[in-house]
Amino acid sequence: MERVVLIHYPPGGFDLKETKALAEECGYTVAEVIVYRKRPRSKYFITEGKLRQLKEAVTKHKCTSVIFEPNLKTVQKYNLAKELGVEVIDRFDLILQIFALHAGSQEAKLQVRLAKLYYDLARARERIRLAKLGEQPGFYGLGRYQVDNYIRHVKYMISITRKKLERIRMRRELWRRRRRKLGYPVIALIGYTVAGKTTLFNALSGYSQPTDRPLFTTLSPKCALVDLGNMKTFVIDSVGFIQNLPHELVEAFKSTLEETVACDLGLLVVDISEDAERIFKKVNTCMEVLATVGFRSPLICVANKVDLIDNPETLSDRLYILKRWGFNDIVPVSALKGYGLDLVRFSITEHLRKKIDFYECRAEGK
């Protein structure tokens, strides 16, 4: 595993534990964490003093890369690589690496490729200009391209990739139409990555989708017909969200997120075993992403992993955080242990019945 130095930037609202998990998932070992609290500088993002400290840490631990929590400008990456002599990786690079590692389906691979192309296109001119100044880690190979030719090539690749994804999107639309013809409502499992969505999906459906990966287990939606007792419904396991999700990834995964938007009811899965601050931030991130993609269906909040909380008062305090968000229906469960699954099924059934009754009344003109 490659040894890296991690630059933690608390003013950006980043979670150090989460960033370390991202780095480890990519195969990096964090040898040292350097905290930077001042405002970003234009040349290196960090101050000259912090840069000297970073240089010493890279030499001391014999690191091959440096990871920055925030996303950096192209020129900042170039300047840092020139000074440090190692590759500089930011949050977008980390998330993209994880998505590429976990992309098993053709759709997921195409979406990761599209996100990378969007990212490259936005920074193509600056990358080429810097690449011509001299080779630096992370800036090899672009010097042989003329600017216009390279940009034209990237746009062509974006067009080809989008056409392939459009064909997959059309197939998904056909599947959605077939589901509607069957008359079964659709439930989408939504939430932050590692909240336990896939575990809940397995518990409700009886499937055995893999849950051993710590981050982004699901990149392509999984669908199953679930018998709730009094009715049947389709349950969809969707891709997890993360704080400061790059715009390029949201844009590239739009076809996947359409499955979430088109549902009749959403289950927002929250890891209730975490501390109050993390729960608040993660719910906030989920709600922001849902607003971005145009999600308007009703939500049931599923407070997962209650088996990891021993103190009832602690559980009560954390459930209160969810109530502050305006969730009227909060269901404490443990998807892994099977606690509270009957209550989840009951809540889903009640919500869907109310929705069906509403549309029936409207159709009758009442």
# chains A, B, ... in the order shown; residues from 1 in each chain; ligands from 1
call {"tool": "closest_atom_pairs", "arguments": {"of": "segment 244-342 of chain A", "to": "segment 95-117 of chain A", "cutoff": "7 Å", "atoms": "only C-alpha atoms", "output": "tab-separated table"}}
result
residue	atom	partner	partner_atom	distance
A:Glu248	CA	A:Ala115	CA	5.0
A:Leu249	CA	A:Ala115	CA	5.2
A:Ala252	CA	A:Gln111	CA	5.2
A:Phe253	CA	A:Gln111	CA	5.9
call {"tool": "select_by_dssp", "arguments": {"residues": "segment 172-317 of chain A", "states": "strand (DSSP E or B)", "output": "ChimeraX atom specification"}}
result
/A:186-192,222-227,232-237,241,265-271,299-304
call {"tool": "residues_around", "arguments": {"residues": "segment 202-206 of chain A", "least_positions_apart": "3", "cutoff": "7 Å", "atoms": "only C-alpha atoms", "output": "ChimeraX atom specification"}}
result
/A:198-199,209,224,226,335
call {"tool": "atom_distance", "arguments": {"atom1": "atom CA of Tyr156 of chain A", "atom2": "atom CA of Met170 of chain A"}}
result
21.2 Å
call {"tool": "select_by_dssp", "arguments": {"residues": "segment 78-320 of chain A", "states": "helix (DSSP H, G or I)", "output": "short mmCIF file (atom, residue, chain, number, x, y, z; two decimals) with N, CA and C atoms, in the first residue's frame"}}
result
data_model
loop_
_atom_site.label_atom_id
_atom_site.label_comp_id
_atom_site.auth_asym_id
_atom_site.auth_seq_id
_atom_site.Cartn_x
_atom_site.Cartn_y
_atom_site.Cartn_z
N TYR A 78 -0.29 21.50 -10.01
CA TYR A 78 0.98 21.56 -10.73
C TYR A 78 2.08 22.13 -9.85
N ASN A 79 1.79 23.25 -9.18
CA ASN A 79 2.80 23.89 -8.32
C ASN A 79 3.22 22.99 -7.17
N LEU A 80 2.24 22.31 -6.58
CA LEU A 80 2.55 21.40 -5.47
C LEU A 80 3.39 20.22 -5.95
N ALA A 81 3.03 19.64 -7.10
CA ALA A 81 3.79 18.50 -7.64
C ALA A 81 5.22 18.91 -7.96
N LYS A 82 5.37 20.14 -8.46
CA LYS A 82 6.71 20.65 -8.79
C LYS A 82 7.57 20.80 -7.55
N GLU A 83 6.97 21.28 -6.46
CA GLU A 83 7.72 21.49 -5.22
C GLU A 83 7.98 20.19 -4.47
N LEU A 84 7.00 19.28 -4.48
CA LEU A 84 7.10 18.07 -3.66
C LEU A 84 7.73 16.89 -4.39
N ARG A 91 -9.91 15.44 -3.47
CA ARG A 91 -11.10 14.64 -3.13
C ARG A 91 -11.75 14.02 -4.37
N PHE A 92 -11.83 14.80 -5.45
CA PHE A 92 -12.42 14.27 -6.68
C PHE A 92 -11.65 13.05 -7.18
N ASP A 93 -10.32 13.14 -7.16
CA ASP A 93 -9.49 12.01 -7.61
C ASP A 93 -9.76 10.77 -6.77
N LEU A 94 -9.88 10.95 -5.45
CA LEU A 94 -10.12 9.80 -4.55
C LEU A 94 -11.45 9.13 -4.85
N ILE A 95 -12.51 9.95 -4.94
CA ILE A 95 -13.84 9.39 -5.18
C ILE A 95 -13.89 8.71 -6.53
N LEU A 96 -13.27 9.32 -7.53
CA LEU A 96 -13.27 8.73 -8.87
C LEU A 96 -12.52 7.40 -8.88
N GLN A 97 -11.41 7.32 -8.14
CA GLN A 97 -10.67 6.05 -8.05
C GLN A 97 -11.53 4.95 -7.44
N ILE A 98 -12.28 5.29 -6.37
CA ILE A 98 -13.14 4.30 -5.72
C ILE A 98 -14.24 3.85 -6.66
N PHE A 99 -14.86 4.81 -7.36
CA PHE A 99 -15.91 4.46 -8.31
C PHE A 99 -15.37 3.54 -9.40
N ALA A 100 -14.15 3.84 -9.87
CA ALA A 100 -13.54 3.01 -10.92
C ALA A 100 -13.25 1.60 -10.39
N LEU A 101 -12.82 1.50 -9.13
CA LEU A 101 -12.54 0.18 -8.53
C LEU A 101 -13.80 -0.66 -8.39
N HIS A 102 -14.93 -0.01 -8.07
CA HIS A 102 -16.17 -0.73 -7.78
C HIS A 102 -17.12 -0.84 -8.97
N GLN A 106 -21.31 -2.42 -17.05
CA GLN A 106 -20.93 -1.54 -18.16
C GLN A 106 -21.40 -0.12 -17.91
N GLU A 107 -22.62 0.02 -17.37
CA GLU A 107 -23.16 1.35 -17.10
C GLU A 107 -22.29 2.11 -16.11
N ALA A 108 -21.90 1.46 -15.02
CA ALA A 108 -21.07 2.13 -14.01
C ALA A 108 -19.73 2.56 -14.59
N LYS A 109 -19.13 1.70 -15.41
CA LYS A 109 -17.84 2.04 -16.03
C LYS A 109 -17.98 3.24 -16.96
N LEU A 110 -19.07 3.28 -17.72
CA LEU A 110 -19.31 4.40 -18.63
C LEU A 110 -19.54 5.69 -17.85
N GLN A 111 -20.25 5.59 -16.72
CA GLN A 111 -20.53 6.78 -15.91
C GLN A 111 -19.25 7.33 -15.29
N VAL A 112 -18.37 6.45 -14.84
CA VAL A 112 -17.08 6.89 -14.28
C VAL A 112 -16.25 7.54 -15.38
N ARG A 113 -16.24 6.94 -16.56
CA ARG A 113 -15.49 7.53 -17.68
C ARG A 113 -16.03 8.90 -18.04
N LEU A 114 -17.35 9.04 -18.06
CA LEU A 114 -17.97 10.32 -18.40
C LEU A 114 -17.62 11.40 -17.38
N ALA A 115 -17.64 11.04 -16.10
CA ALA A 115 -17.27 12.00 -15.05
C ALA A 115 -15.84 12.48 -15.23
N LYS A 116 -14.93 11.56 -15.56
CA LYS A 116 -13.52 11.92 -15.78
C LYS A 116 -13.38 12.83 -17.01
N LEU A 117 -14.15 12.55 -18.06
CA LEU A 117 -14.09 13.38 -19.27
C LEU A 117 -14.61 14.79 -19.00
N TYR A 118 -15.71 14.90 -18.25
CA TYR A 118 -16.24 16.21 -17.88
C TYR A 118 -15.18 17.00 -17.10
N TYR A 119 -14.53 16.31 -16.18
CA TYR A 119 -13.49 16.93 -15.34
C TYR A 119 -12.32 17.41 -16.21
N ASP A 120 -11.90 16.55 -17.14
CA ASP A 120 -10.77 16.90 -18.01
C ASP A 120 -11.11 18.06 -18.93
N LEU A 121 -12.33 18.07 -19.46
CA LEU A 121 -12.72 19.12 -20.39
C LEU A 121 -12.69 20.49 -19.73
N ALA A 122 -13.16 20.56 -18.50
CA ALA A 122 -13.21 21.84 -17.78
C ALA A 122 -11.82 22.39 -17.49
N ARG A 123 -10.82 21.51 -17.48
CA ARG A 123 -9.46 21.92 -17.10
C ARG A 123 -8.43 21.67 -18.20
N ALA A 124 -8.91 21.36 -19.40
CA ALA A 124 -8.01 20.93 -20.48
C ALA A 124 -6.98 21.99 -20.85
N ARG A 125 -7.41 23.22 -21.08
CA ARG A 125 -6.48 24.26 -21.53
C ARG A 125 -5.38 24.51 -20.50
N GLU A 126 -5.76 24.56 -19.23
CA GLU A 126 -4.77 24.82 -18.18
C GLU A 126 -3.81 23.64 -18.04
N ARG A 127 -4.32 22.41 -18.13
CA ARG A 127 -3.46 21.22 -18.01
C ARG A 127 -2.44 21.16 -19.13
N ILE A 128 -2.88 21.47 -20.35
CA ILE A 128 -1.96 21.43 -21.49
C ILE A 128 -0.90 22.52 -21.36
N ARG A 129 -1.33 23.71 -20.96
CA ARG A 129 -0.36 24.80 -20.79
C ARG A 129 0.70 24.44 -19.77
N LEU A 130 0.28 23.85 -18.66
CA LEU A 130 1.22 23.48 -17.60
C LEU A 130 2.08 22.29 -18.01
N ALA A 131 1.48 21.35 -18.76
CA ALA A 131 2.24 20.17 -19.18
C ALA A 131 3.40 20.56 -20.09
N LYS A 132 3.21 21.62 -20.89
CA LYS A 132 4.27 22.07 -21.80
C LYS A 132 5.43 22.74 -21.07
N LEU A 133 5.17 23.18 -19.83
CA LEU A 133 6.23 23.84 -19.06
C LEU A 133 7.27 22.85 -18.55
N LEU A 142 0.44 15.17 -21.87
CA LEU A 142 -0.47 16.09 -22.54
C LEU A 142 0.26 17.04 -23.48
N GLY A 143 1.56 17.16 -23.37
CA GLY A 143 2.31 18.13 -24.16
C GLY A 143 2.26 17.87 -25.65
N ARG A 144 2.03 16.64 -26.07
CA ARG A 144 2.06 16.32 -27.50
C ARG A 144 0.77 16.75 -28.21
N VAL A 147 -3.92 22.25 -28.20
CA VAL A 147 -5.06 22.53 -27.32
C VAL A 147 -6.38 22.19 -28.00
N ASP A 148 -6.60 22.75 -29.18
CA ASP A 148 -7.88 22.56 -29.85
C ASP A 148 -8.14 21.09 -30.21
N ASN A 149 -7.10 20.41 -30.66
CA ASN A 149 -7.25 19.00 -31.02
C ASN A 149 -7.60 18.15 -29.80
N TYR A 150 -6.95 18.44 -28.68
CA TYR A 150 -7.20 17.68 -27.47
C TYR A 150 -8.64 17.91 -26.98
N ILE A 151 -9.06 19.18 -26.97
CA ILE A 151 -10.41 19.50 -26.51
C ILE A 151 -11.45 18.86 -27.43
N ARG A 152 -11.18 18.90 -28.75
CA ARG A 152 -12.08 18.26 -29.70
C ARG A 152 -12.18 16.76 -29.44
N HIS A 153 -11.04 16.16 -29.11
CA HIS A 153 -11.01 14.72 -28.82
C HIS A 153 -11.83 14.40 -27.57
N VAL A 154 -11.68 15.21 -26.52
CA VAL A 154 -12.42 14.98 -25.27
C VAL A 154 -13.92 15.14 -25.52
N LYS A 155 -14.30 16.16 -26.27
CA LYS A 155 -15.73 16.37 -26.58
C LYS A 155 -16.30 15.20 -27.38
N TYR A 156 -15.48 14.68 -28.31
CA TYR A 156 -15.92 13.52 -29.10
C TYR A 156 -16.15 12.31 -28.20
N MET A 157 -15.22 12.07 -27.25
CA MET A 157 -15.36 10.94 -26.33
C MET A 157 -16.57 11.12 -25.42
N ILE A 158 -16.84 12.36 -25.00
CA ILE A 158 -18.03 12.64 -24.19
C ILE A 158 -19.29 12.29 -24.98
N SER A 159 -19.32 12.71 -26.25
CA SER A 159 -20.47 12.43 -27.10
C SER A 159 -20.71 10.92 -27.25
N ILE A 160 -19.64 10.17 -27.51
CA ILE A 160 -19.75 8.71 -27.67
C ILE A 160 -20.25 8.06 -26.38
N THR A 161 -19.67 8.47 -25.24
CA THR A 161 -20.03 7.88 -23.95
C THR A 161 -21.48 8.20 -23.59
N ARG A 162 -21.90 9.44 -23.86
CA ARG A 162 -23.29 9.82 -23.55
C ARG A 162 -24.28 9.04 -24.40
N LYS A 163 -23.93 8.78 -25.66
CA LYS A 163 -24.82 7.99 -26.52
C LYS A 163 -24.99 6.57 -25.98
N LYS A 164 -23.88 5.98 -25.52
CA LYS A 164 -23.95 4.63 -24.94
C LYS A 164 -24.80 4.62 -23.68
N LEU A 165 -24.62 5.66 -22.85
CA LEU A 165 -25.42 5.75 -21.62
C LEU A 165 -26.89 6.03 -21.93
N GLU A 166 -27.14 6.76 -23.00
CA GLU A 166 -28.51 7.05 -23.39
C GLU A 166 -29.25 5.77 -23.77
N ARG A 167 -28.54 4.86 -24.44
CA ARG A 167 -29.16 3.57 -24.79
C ARG A 167 -29.51 2.78 -23.54
N ILE A 168 -28.61 2.83 -22.54
CA ILE A 168 -28.88 2.14 -21.27
C ILE A 168 -30.04 2.83 -20.55
N ARG A 169 -30.07 4.18 -20.62
CA ARG A 169 -31.16 4.93 -19.97
C ARG A 169 -32.51 4.57 -20.58
N MET A 170 -32.52 4.38 -21.91
CA MET A 170 -33.77 4.00 -22.59
C MET A 170 -34.23 2.61 -22.16
N ARG A 171 -33.25 1.70 -21.96
CA ARG A 171 -33.60 0.36 -21.45
C ARG A 171 -34.20 0.47 -20.06
N ARG A 172 -33.62 1.34 -19.23
CA ARG A 172 -34.15 1.54 -17.87
C ARG A 172 -35.58 2.08 -17.92
N GLU A 173 -35.82 3.00 -18.87
CA GLU A 173 -37.16 3.55 -19.01
C GLU A 173 -38.16 2.47 -19.40
N LEU A 174 -37.75 1.53 -20.25
CA LEU A 174 -38.61 0.41 -20.62
C LEU A 174 -38.91 -0.46 -19.41
N TRP A 175 -37.88 -0.68 -18.57
CA TRP A 175 -38.09 -1.48 -17.35
C TRP A 175 -39.07 -0.77 -16.42
N ARG A 176 -38.94 0.57 -16.32
CA ARG A 176 -39.85 1.32 -15.45
C ARG A 176 -41.30 1.22 -15.96
N ARG A 177 -41.46 1.28 -17.28
CA ARG A 177 -42.80 1.16 -17.86
C ARG A 177 -43.40 -0.22 -17.58
N ARG A 178 -42.56 -1.24 -17.68
CA ARG A 178 -43.05 -2.60 -17.39
C ARG A 178 -43.46 -2.73 -15.93
N ARG A 179 -42.69 -2.11 -15.05
CA ARG A 179 -43.04 -2.16 -13.62
C ARG A 179 -44.37 -1.45 -13.38
N ARG A 180 -44.56 -0.30 -14.07
CA ARG A 180 -45.84 0.41 -13.91
C ARG A 180 -47.01 -0.43 -14.42
N LYS A 181 -46.81 -1.14 -15.52
CA LYS A 181 -47.87 -1.98 -16.08
C LYS A 181 -48.26 -3.10 -15.12
N LEU A 182 -47.26 -3.59 -14.37
CA LEU A 182 -47.55 -4.63 -13.38
C LEU A 182 -48.38 -4.07 -12.22
N LYS A 197 -27.73 0.66 3.30
CA LYS A 197 -28.83 0.51 2.33
C LYS A 197 -28.86 -0.89 1.73
N THR A 198 -27.69 -1.40 1.33
CA THR A 198 -27.64 -2.72 0.70
C THR A 198 -28.00 -3.81 1.71
N THR A 199 -27.59 -3.65 2.96
CA THR A 199 -27.96 -4.61 4.00
C THR A 199 -29.47 -4.63 4.21
N LEU A 200 -30.10 -3.45 4.20
CA LEU A 200 -31.56 -3.36 4.32
C LEU A 200 -32.23 -3.96 3.09
N PHE A 201 -31.66 -3.70 1.92
CA PHE A 201 -32.19 -4.28 0.67
C PHE A 201 -32.18 -5.81 0.76
N ASN A 202 -31.07 -6.38 1.24
CA ASN A 202 -30.98 -7.83 1.39
C ASN A 202 -32.00 -8.35 2.39
N ALA A 203 -32.17 -7.62 3.51
CA ALA A 203 -33.10 -8.05 4.56
C ALA A 203 -34.55 -8.04 4.07
N LEU A 204 -34.91 -7.04 3.26
CA LEU A 204 -36.29 -6.95 2.77
C LEU A 204 -36.57 -7.91 1.61
N SER A 205 -35.56 -8.10 0.76
CA SER A 205 -35.78 -8.87 -0.47
C SER A 205 -35.39 -10.34 -0.36
N HIS A 247 -19.64 17.80 -8.91
CA HIS A 247 -20.72 18.04 -9.89
C HIS A 247 -20.60 17.08 -11.07
N GLU A 248 -19.37 16.79 -11.49
CA GLU A 248 -19.16 15.91 -12.64
C GLU A 248 -19.72 14.52 -12.40
N LEU A 249 -19.62 14.03 -11.15
CA LEU A 249 -20.16 12.70 -10.83
C LEU A 249 -21.68 12.72 -10.80
N VAL A 250 -22.27 13.79 -10.25
CA VAL A 250 -23.73 13.91 -10.24
C VAL A 250 -24.26 13.93 -11.67
N GLU A 251 -23.58 14.70 -12.53
CA GLU A 251 -24.00 14.80 -13.94
C GLU A 251 -23.87 13.46 -14.65
N ALA A 252 -22.76 12.75 -14.40
CA ALA A 252 -22.52 11.48 -15.07
C ALA A 252 -23.48 10.39 -14.61
N LYS A 254 -26.61 10.73 -13.66
CA LYS A 254 -28.01 11.17 -13.73
C LYS A 254 -28.95 10.04 -14.12
N SER A 255 -28.51 9.19 -15.07
CA SER A 255 -29.38 8.10 -15.51
C SER A 255 -29.66 7.12 -14.37
N THR A 256 -28.66 6.93 -13.50
CA THR A 256 -28.84 6.05 -12.34
C THR A 256 -29.75 6.71 -11.31
N LEU A 257 -29.57 8.01 -11.09
CA LEU A 257 -30.35 8.73 -10.10
C LEU A 257 -31.81 8.89 -10.53
N GLU A 258 -32.08 8.73 -11.84
CA GLU A 258 -33.46 8.79 -12.32
C GLU A 258 -34.33 7.71 -11.67
N GLU A 259 -33.71 6.56 -11.36
CA GLU A 259 -34.44 5.48 -10.70
C GLU A 259 -34.97 5.95 -9.35
N THR A 260 -34.18 6.77 -8.67
CA THR A 260 -34.58 7.30 -7.36
C THR A 260 -35.70 8.32 -7.51
N VAL A 261 -35.56 9.20 -8.50
CA VAL A 261 -36.54 10.27 -8.69
C VAL A 261 -37.91 9.71 -9.07
N ALA A 276 -23.84 12.87 16.87
CA ALA A 276 -24.90 13.78 16.43
C ALA A 276 -24.45 14.70 15.28
N GLU A 277 -23.22 15.20 15.36
CA GLU A 277 -22.73 16.13 14.33
C GLU A 277 -22.64 15.45 12.97
N ARG A 278 -22.13 14.20 12.94
CA ARG A 278 -22.01 13.47 11.68
C ARG A 278 -23.39 13.16 11.09
N ILE A 279 -24.32 12.76 11.97
CA ILE A 279 -25.68 12.45 11.49
C ILE A 279 -26.29 13.69 10.83
N PHE A 280 -26.16 14.84 11.49
CA PHE A 280 -26.74 16.09 10.96
C PHE A 280 -26.12 16.42 9.60
N LYS A 281 -24.80 16.33 9.49
CA LYS A 281 -24.11 16.67 8.24
C LYS A 281 -24.51 15.71 7.11
N LYS A 282 -24.61 14.43 7.43
CA LYS A 282 -24.90 13.44 6.39
C LYS A 282 -26.35 13.55 5.90
N VAL A 283 -27.27 13.80 6.83
CA VAL A 283 -28.66 14.01 6.41
C VAL A 283 -28.75 15.26 5.54
N ASN A 284 -28.03 16.31 5.93
CA ASN A 284 -28.02 17.54 5.16
C ASN A 284 -27.50 17.30 3.74
N THR A 285 -26.43 16.51 3.63
CA THR A 285 -25.87 16.17 2.32
C THR A 285 -26.88 15.42 1.46
N CYS A 286 -27.55 14.43 2.06
CA CYS A 286 -28.56 13.65 1.33
C CYS A 286 -29.68 14.54 0.82
N MET A 287 -30.17 15.44 1.66
CA MET A 287 -31.28 16.30 1.27
C MET A 287 -30.86 17.27 0.16
N GLU A 288 -29.61 17.72 0.20
CA GLU A 288 -29.10 18.62 -0.85
C GLU A 288 -29.04 17.90 -2.19
N VAL A 289 -28.53 16.65 -2.18
CA VAL A 289 -28.44 15.88 -3.43
C VAL A 289 -29.83 15.58 -3.97
N LEU A 290 -30.76 15.21 -3.09
CA LEU A 290 -32.14 14.92 -3.52
C LEU A 290 -32.79 16.16 -4.14
N ALA A 291 -32.52 17.33 -3.56
CA ALA A 291 -33.06 18.57 -4.12
C ALA A 291 -32.45 18.85 -5.49
N THR A 292 -31.16 18.53 -5.64
CA THR A 292 -30.46 18.76 -6.91
C THR A 292 -31.04 17.92 -8.04
N VAL A 293 -31.37 16.66 -7.74
CA VAL A 293 -31.88 15.75 -8.79
C VAL A 293 -33.40 15.84 -8.96
N VAL A 306 -29.27 0.44 15.08
CA VAL A 306 -29.61 0.70 16.49
C VAL A 306 -28.96 -0.33 17.42
N ASP A 307 -28.56 -1.48 16.86
CA ASP A 307 -27.92 -2.52 17.69
C ASP A 307 -26.56 -2.07 18.21
N LEU A 308 -25.98 -1.00 17.61
CA LEU A 308 -24.67 -0.50 18.04
C LEU A 308 -24.78 0.55 19.14
N PRO A 312 -30.31 3.93 25.84
CA PRO A 312 -31.59 4.40 25.26
C PRO A 312 -31.67 5.92 25.14
N GLU A 313 -31.04 6.64 26.10
CA GLU A 313 -31.07 8.10 26.04
C GLU A 313 -30.28 8.62 24.84
N THR A 314 -29.17 7.96 24.54
CA THR A 314 -28.37 8.34 23.37
C THR A 314 -29.18 8.15 22.10
N LEU A 315 -29.87 7.03 22.01
CA LEU A 315 -30.72 6.75 20.85
C LEU A 315 -31.81 7.80 20.72
N SER A 316 -32.44 8.16 21.85
CA SER A 316 -33.51 9.16 21.85
C SER A 316 -33.00 10.51 21.36
N ASP A 317 -31.79 10.90 21.82
CA ASP A 317 -31.21 12.19 21.42
C ASP A 317 -30.94 12.22 19.91
N ARG A 318 -30.45 11.10 19.37
CA ARG A 318 -30.12 11.06 17.95
C ARG A 318 -31.37 10.99 17.08
N LEU A 319 -32.41 10.36 17.58
CA LEU A 319 -33.68 10.35 16.85
C LEU A 319 -34.29 11.75 16.81
N TYR A 320 -34.04 12.52 17.86
CA TYR A 320 -34.55 13.89 17.92
C TYR A 320 -33.92 14.74 16.80
#
call {"tool": "atom_distance", "arguments": {"atom1": "atom CA of Val4 of chain A", "atom2": "atom CA of Gln53 of chain A"}}
result
13.9 Å
call {"tool": "atom_distance", "arguments": {"atom1": "atom CA of Leu54 of chain A", "atom2": "atom CA of Thr19 of chain A"}}
result
17.7 Å
call {"tool": "closest_atom_pairs", "arguments": {"of": "segment 258-319 of chain A", "to": "segment 344-355 of chain A", "cutoff": "9 Å", "atoms": "only C-alpha atoms", "output": "tab-separated table"}}
result
residue	atom	partner	partner_atom	distance
A:Asp264	CA	A:Leu352	CA	7.9
A:Leu265	CA	A:Leu352	CA	7.6
A:Leu267	CA	A:Ile348	CA	8.7
A:Pro298	CA	A:His351	CA	8.3
A:Ile300	CA	A:Ser347	CA	7.8
A:Val302	CA	A:Val344	CA	7.8
call {"tool": "residues_around", "arguments": {"residues": "Val5 of chain A", "least_positions_apart": "5", "cutoff": "9 Å", "atoms": "only C-alpha atoms", "output": "PyMOL selection string"}}
result
chain A and resi 29-34+54+57-58+61+63-68
call {"tool": "write_last_selection", "arguments": {"atoms": "all heavy atoms", "output": "compact mmCIF listing (two decimals), in the first residue's frame"}}
result
# COMPACT_ATOMS: atom_id res chain seq x y z
N THR A 29 -2.03 4.19 2.52
CA THR A 29 -1.83 4.19 3.96
C THR A 29 -1.48 5.61 4.39
O THR A 29 -0.48 6.17 3.92
CB THR A 29 -0.70 3.24 4.39
OG1 THR A 29 -1.03 1.91 4.00
CG2 THR A 29 -0.49 3.28 5.90
N VAL A 30 -2.30 6.20 5.25
CA VAL A 30 -2.06 7.58 5.70
C VAL A 30 -0.96 7.56 6.75
O VAL A 30 -1.16 7.12 7.88
CB VAL A 30 -3.34 8.21 6.26
CG1 VAL A 30 -3.07 9.64 6.75
CG2 VAL A 30 -4.44 8.22 5.20
N ALA A 31 0.23 8.04 6.37
CA ALA A 31 1.37 8.03 7.27
C ALA A 31 1.33 9.19 8.26
O ALA A 31 1.80 9.08 9.39
CB ALA A 31 2.67 8.08 6.46
N GLU A 32 0.78 10.32 7.82
CA GLU A 32 0.71 11.51 8.69
C GLU A 32 -0.43 12.40 8.22
O GLU A 32 -0.72 12.49 7.02
CB GLU A 32 2.04 12.27 8.64
CG GLU A 32 2.11 13.44 9.61
CD GLU A 32 3.48 14.11 9.64
OE1 GLU A 32 4.49 13.43 9.36
OE2 GLU A 32 3.52 15.32 9.94
N VAL A 33 -1.05 13.09 9.18
CA VAL A 33 -2.11 14.05 8.88
C VAL A 33 -1.63 15.44 9.26
O VAL A 33 -1.19 15.67 10.39
CB VAL A 33 -3.41 13.72 9.64
CG1 VAL A 33 -4.47 14.80 9.38
CG2 VAL A 33 -3.94 12.35 9.24
N ILE A 34 -1.68 16.36 8.32
CA ILE A 34 -1.33 17.76 8.58
C ILE A 34 -2.61 18.59 8.50
O ILE A 34 -3.32 18.54 7.50
CB ILE A 34 -0.29 18.27 7.55
CG1 ILE A 34 1.03 17.51 7.73
CG2 ILE A 34 -0.07 19.77 7.71
CD1 ILE A 34 2.09 17.87 6.70
N LEU A 54 5.00 20.04 4.92
CA LEU A 54 4.54 18.95 4.05
C LEU A 54 5.72 18.28 3.37
O LEU A 54 5.78 17.05 3.26
CB LEU A 54 3.55 19.50 3.02
CG LEU A 54 2.96 18.52 2.01
CD1 LEU A 54 2.27 17.35 2.72
CD2 LEU A 54 1.96 19.23 1.10
N ALA A 57 7.46 16.00 5.81
CA ALA A 57 6.67 14.79 6.06
C ALA A 57 6.78 13.80 4.90
O ALA A 57 6.89 12.59 5.12
CB ALA A 57 5.21 15.16 6.29
N VAL A 58 6.77 14.31 3.67
CA VAL A 58 6.90 13.46 2.48
C VAL A 58 8.26 12.75 2.49
O VAL A 58 8.35 11.55 2.21
CB VAL A 58 6.71 14.28 1.19
CG1 VAL A 58 7.14 13.49 -0.04
CG2 VAL A 58 5.27 14.72 1.05
N HIS A 61 8.52 10.09 5.60
CA HIS A 61 7.75 8.85 5.45
C HIS A 61 7.93 8.17 4.09
O HIS A 61 7.33 7.14 3.83
CB HIS A 61 6.25 9.13 5.67
CG HIS A 61 5.94 9.68 7.02
ND1 HIS A 61 6.03 8.93 8.17
CD2 HIS A 61 5.53 10.93 7.41
CE1 HIS A 61 5.68 9.68 9.21
NE2 HIS A 61 5.38 10.89 8.78
N CYS A 63 6.90 9.10 1.11
CA CYS A 63 5.57 9.01 0.49
C CYS A 63 5.64 9.13 -1.02
O CYS A 63 6.54 9.78 -1.56
CB CYS A 63 4.66 10.11 1.05
SG CYS A 63 4.34 9.93 2.81
N THR A 64 4.70 8.51 -1.69
CA THR A 64 4.61 8.57 -3.15
C THR A 64 3.52 9.53 -3.61
O THR A 64 3.48 9.88 -4.79
CB THR A 64 4.30 7.17 -3.71
OG1 THR A 64 3.12 6.66 -3.07
CG2 THR A 64 5.45 6.21 -3.45
N SER A 65 2.65 9.96 -2.70
CA SER A 65 1.56 10.86 -3.06
C SER A 65 1.19 11.71 -1.85
O SER A 65 1.51 11.37 -0.71
CB SER A 65 0.33 10.09 -3.52
OG SER A 65 0.62 9.26 -4.62
N VAL A 66 0.50 12.81 -2.13
CA VAL A 66 -0.06 13.67 -1.10
C VAL A 66 -1.55 13.84 -1.40
O VAL A 66 -1.92 14.06 -2.55
CB VAL A 66 0.64 15.05 -1.08
CG1 VAL A 66 -0.10 16.01 -0.16
CG2 VAL A 66 2.08 14.91 -0.64
N ILE A 67 -2.38 13.73 -0.37
CA ILE A 67 -3.83 13.85 -0.55
C ILE A 67 -4.32 15.12 0.13
O ILE A 67 -4.05 15.36 1.30
CB ILE A 67 -4.56 12.62 0.04
CG1 ILE A 67 -4.17 11.35 -0.73
CG2 ILE A 67 -6.07 12.83 0.01
CD1 ILE A 67 -4.74 10.08 -0.15
N PHE A 68 -5.07 15.92 -0.64
CA PHE A 68 -5.73 17.12 -0.11
C PHE A 68 -7.22 16.84 0.01
O PHE A 68 -7.83 16.30 -0.92
CB PHE A 68 -5.50 18.31 -1.04
CG PHE A 68 -4.20 19.02 -0.82
CD1 PHE A 68 -3.00 18.44 -1.17
CD2 PHE A 68 -4.18 20.29 -0.24
CE1 PHE A 68 -1.79 19.10 -0.98
CE2 PHE A 68 -2.99 20.96 -0.03
CZ PHE A 68 -1.78 20.36 -0.40
